[in-house]
Amino acid sequence: MRGYITRTACRKILVLFTAAVGVIIMSISFGWTFSHKSTRPTVTENLPGAGEFEAALLKEFEKMRQFRGKEYRPRTKHMRPDGWASYTNRLFLESSPYLIQHAHNPVNWYSWGDEAFETARKLNRPVLISVGYSTCHWCHVMEEESYEDEEIAKYLNQNYIAVKVDREERPDVDAIYMSAVQALTGRGGWPLNVWLTPDRKPFYGGTYFPARDGDRGVSNGFLTILKRINEIYHTQPTRVEEAGQNLTDVIRQRLSAQAGDRLPVADIMHQATKQYKQAFDKVYGGIAGAPKFPSSLPVRFLFRYHRRTQDQKTLHIARLTLEKMAAGGIYDQVGGGFHRYSTDKQWLVPHFEKMLYDNALLIMDYLEGYQVTGDNDFKRITKEVLGYVKREMTAPGGAFYSATDADSLTPNGHREEGYFFTWTPEELEKVLGQKRAEIVKTYYAVDNSPNFEGRHILHTPRTAVKVADELNISENHLRAVIEESKTLLYQWRNRRPRPLRDEKILTAWNGLMISAHARAGLILGDSQYIDRAAKAADFILAKLFINNRLYRSYKDNQARHLAYLDDYAFFSAALLDLYEATHDIQWLAKAIELDEILEKDYEDKKTGGFFMTSKNHEDLIAREKPSHDGAEPSGNSIAVLNLLRLGEFTSKDNYRIRAEKALTSFLGGTTTNPLALAEMMLALDFYLDNPKEIVIVAPKGKPDEADPFLREFRKQFLPNRILTVAAEGKDIKSHARLIPVARSKFAINGKTTAYVCTKGTCKLPAKDPKLFAQQLREVVQLQDIIN
């Protein structure tokens, strides 16, 4: 019935609007670049077709202009002779970098809220919502072509209420209306443009629309579509209302996960692995085809499967994927960090934006890759990405910024994708000198055939050993030249105009990066990473945890938007990782406190799992229960693993019961697609294992004597465990108050002693690190392996 309603309702809507508008919704995703074209400045004071703003609003604009200071530069082609923007709209009062990008469009933009929809109701107008994010290339394209266009802006201002939404600050709004467009068209993306009634029900939508008829080969451009939909809205209101209600019903069904009725077993892990093997690109790694997203093949799940089965093909799939990504253009070979995705199957030509969440997840991927394989290149990539985050993505208070743009200014003043990151042979020779440049060009495959817009994306299709052999130099000499050259190229590159950086601080994404730092510090034995993780966590708790509630976003000294499920889940996971890395019990206590809020305000008590929004959230047309992992894990996938970890730490059965209920709900159906919840498979692996409860007790006042045991711990790939490290006396007692397995544990005969337990039953205490290592190596196997 669910599929039938979806197809029938959406078919009715498409028949109505495709016939009337005369257009198939178009989404262009790859291959285009655009230039910023200058125009003669206008001196218009009022937004075209919008009338005059009230005096109170103008005063708010002036106050904000003073707040932003002299360094603020309006991002628009419409400038007055005095250097200020010709137009300013309500978005100037917002803190979101994406909304501020549109603050000087000639469009009379509103931010999402009651004011916009009440105005639409009073004026009997349809609402156009446009959803995007600050580093979205095609959002910039549509802004340049349509929202900076005075004719299009005038029509919008006279006939619509236009609303801008930052999807990173309002993932709830994005999810609802993305679901609408996916139901209508079978695909989605950003910019997301959706037509709503004043009661927020969508009746038509798409992604990127070229501005005018004939642009980019389309019959009907954005302006024509605006006019025809406006005509339909006023001449066929009953049909518009029917379409809005039908599509709203579809959205509610799509966003409410269908609950399973049985606890999942190992078969679903075997099924998932079989599907990944079938989809694997045997040459370039990842999932076969293009585009390629790093998250589409979950290497951390494959490492876990290999650990439990010794399946060598699974290990090969994960390892080759990490090798090929690190060698490709998707990896910034000069500055470190990964771009968002590859437009081709070789991982060569990326979409050049860099996202904090991608890099956090990839740090964890490569860190585990290093643990499993011992490959020092994986360790190098881990440290290089962490270095990139320190240099370019860390705010003064220690938290982490969100993203950097794909586009940057070229020497001729045009804004182009990828220019900042690419090179010509002549540029390399100028920076490095002829001799060094020849080595670098050979290593990074820079020849006479540019691979991107007449320039070169650096990549390493051949190994260092092969390149050194070709150049008749030692591998060590090659690597030394490359490292020295990377520093020189990085310094030179930073003279170029840099891509825009989105400096808002998001709790969820910071949670992922805190986890990445804490885990890296623990496994690599490097306290600098742990210190950075703790500093970022302190920032979140100081600035975004207010009156016992987390907030989503921080910018301009202001916390905004009550937190969503992923904010609580990702940050709670970070606190658990910080506890294991720092051995400071405050982090575990705070994780327990945050889970109490989740249980009270977000949990689905009936079928298990969590809703994206709290029960006190704004009343939207649907309340999503996230049930798919995408580029980011779903909040439910991380929350379930958090429950299992908390259950192991506290020995409280309630955590296990809640986790089982969620696993049943999401993975226990007869039609469950395990590939849709790849991150939740990590939680299932934890649940189906016998997680090790590890307690290391050092003599009183001598915590450093635990180090030999931690060195053995670091050599093991042991994802399903909890770790407590404490010294005798008050230290171990403070841990034992929350962690029952730590009770009555002590350093035998004054020597550091490790206890390896399962479900409260412990092996013989280990005073010898080698015996401890042996106890850690025991693995519970998965049965009934499917090849």
# chains A, B, ... in the order shown; residues from 1 in each chain; ligands from 1

$ residues_around --residues "Lys70 of chain A" --least-positions-apart "5" --cutoff "12 Å" --atoms "only C-alpha atoms" --output "count of residues only"
4

$ select_by_dssp --residues "segment 362-438 of chain A" --states "helix (DSSP H, G or I)" --output "number ranges by chain"
A: 362-373, 376-392, 419-421, 425-432, 434-438

$ residues_around --residues "Leu297 of chain A" --least-positions-apart "5" --cutoff "9 Å" --atoms "only C-alpha atoms" --output "ChimeraX atom specification"
/A:276,280,285-287,302,318,321,678

$ write_last_selection --atoms "C-alpha atoms" --output "compact mmCIF listing (two decimals), in the first residue's frame"
# COMPACT_ATOMS: atom_id res chain seq x y z
CA TYR A 276 29.33 -4.87 -1.46
CA PHE A 280 32.91 -3.37 -5.85
CA GLY A 285 38.03 0.53 -5.37
CA GLY A 286 34.79 1.85 -3.97
CA ILE A 287 31.45 1.12 -5.58
CA LEU A 302 34.28 -4.34 6.15
CA ALA A 318 38.54 -2.06 2.04
CA THR A 321 39.50 1.55 -1.68
CA ALA A 678 25.76 0.64 6.76

$ atom_distance --atom1 "atom CA of Phe67 of chain A" --atom2 "atom CA of Gln558 of chain A"
13.2 Å

$ residues_around --residues "Gln528 of chain A" --least-positions-apart "5" --cutoff "12 Å" --atoms "only C-alpha atoms" --output "PyMOL selection string"
chain A and resi 383+386-387+390+517-522+533-535+581-582

$ atom_distance --atom1 "atom CA of Ser86 of chain A" --atom2 "atom CA of Trp190 of chain A"
27.1 Å

$ atom_distance --atom1 "atom CA of Ala279 of chain A" --atom2 "atom CA of Pro626 of chain A"
24.7 Å
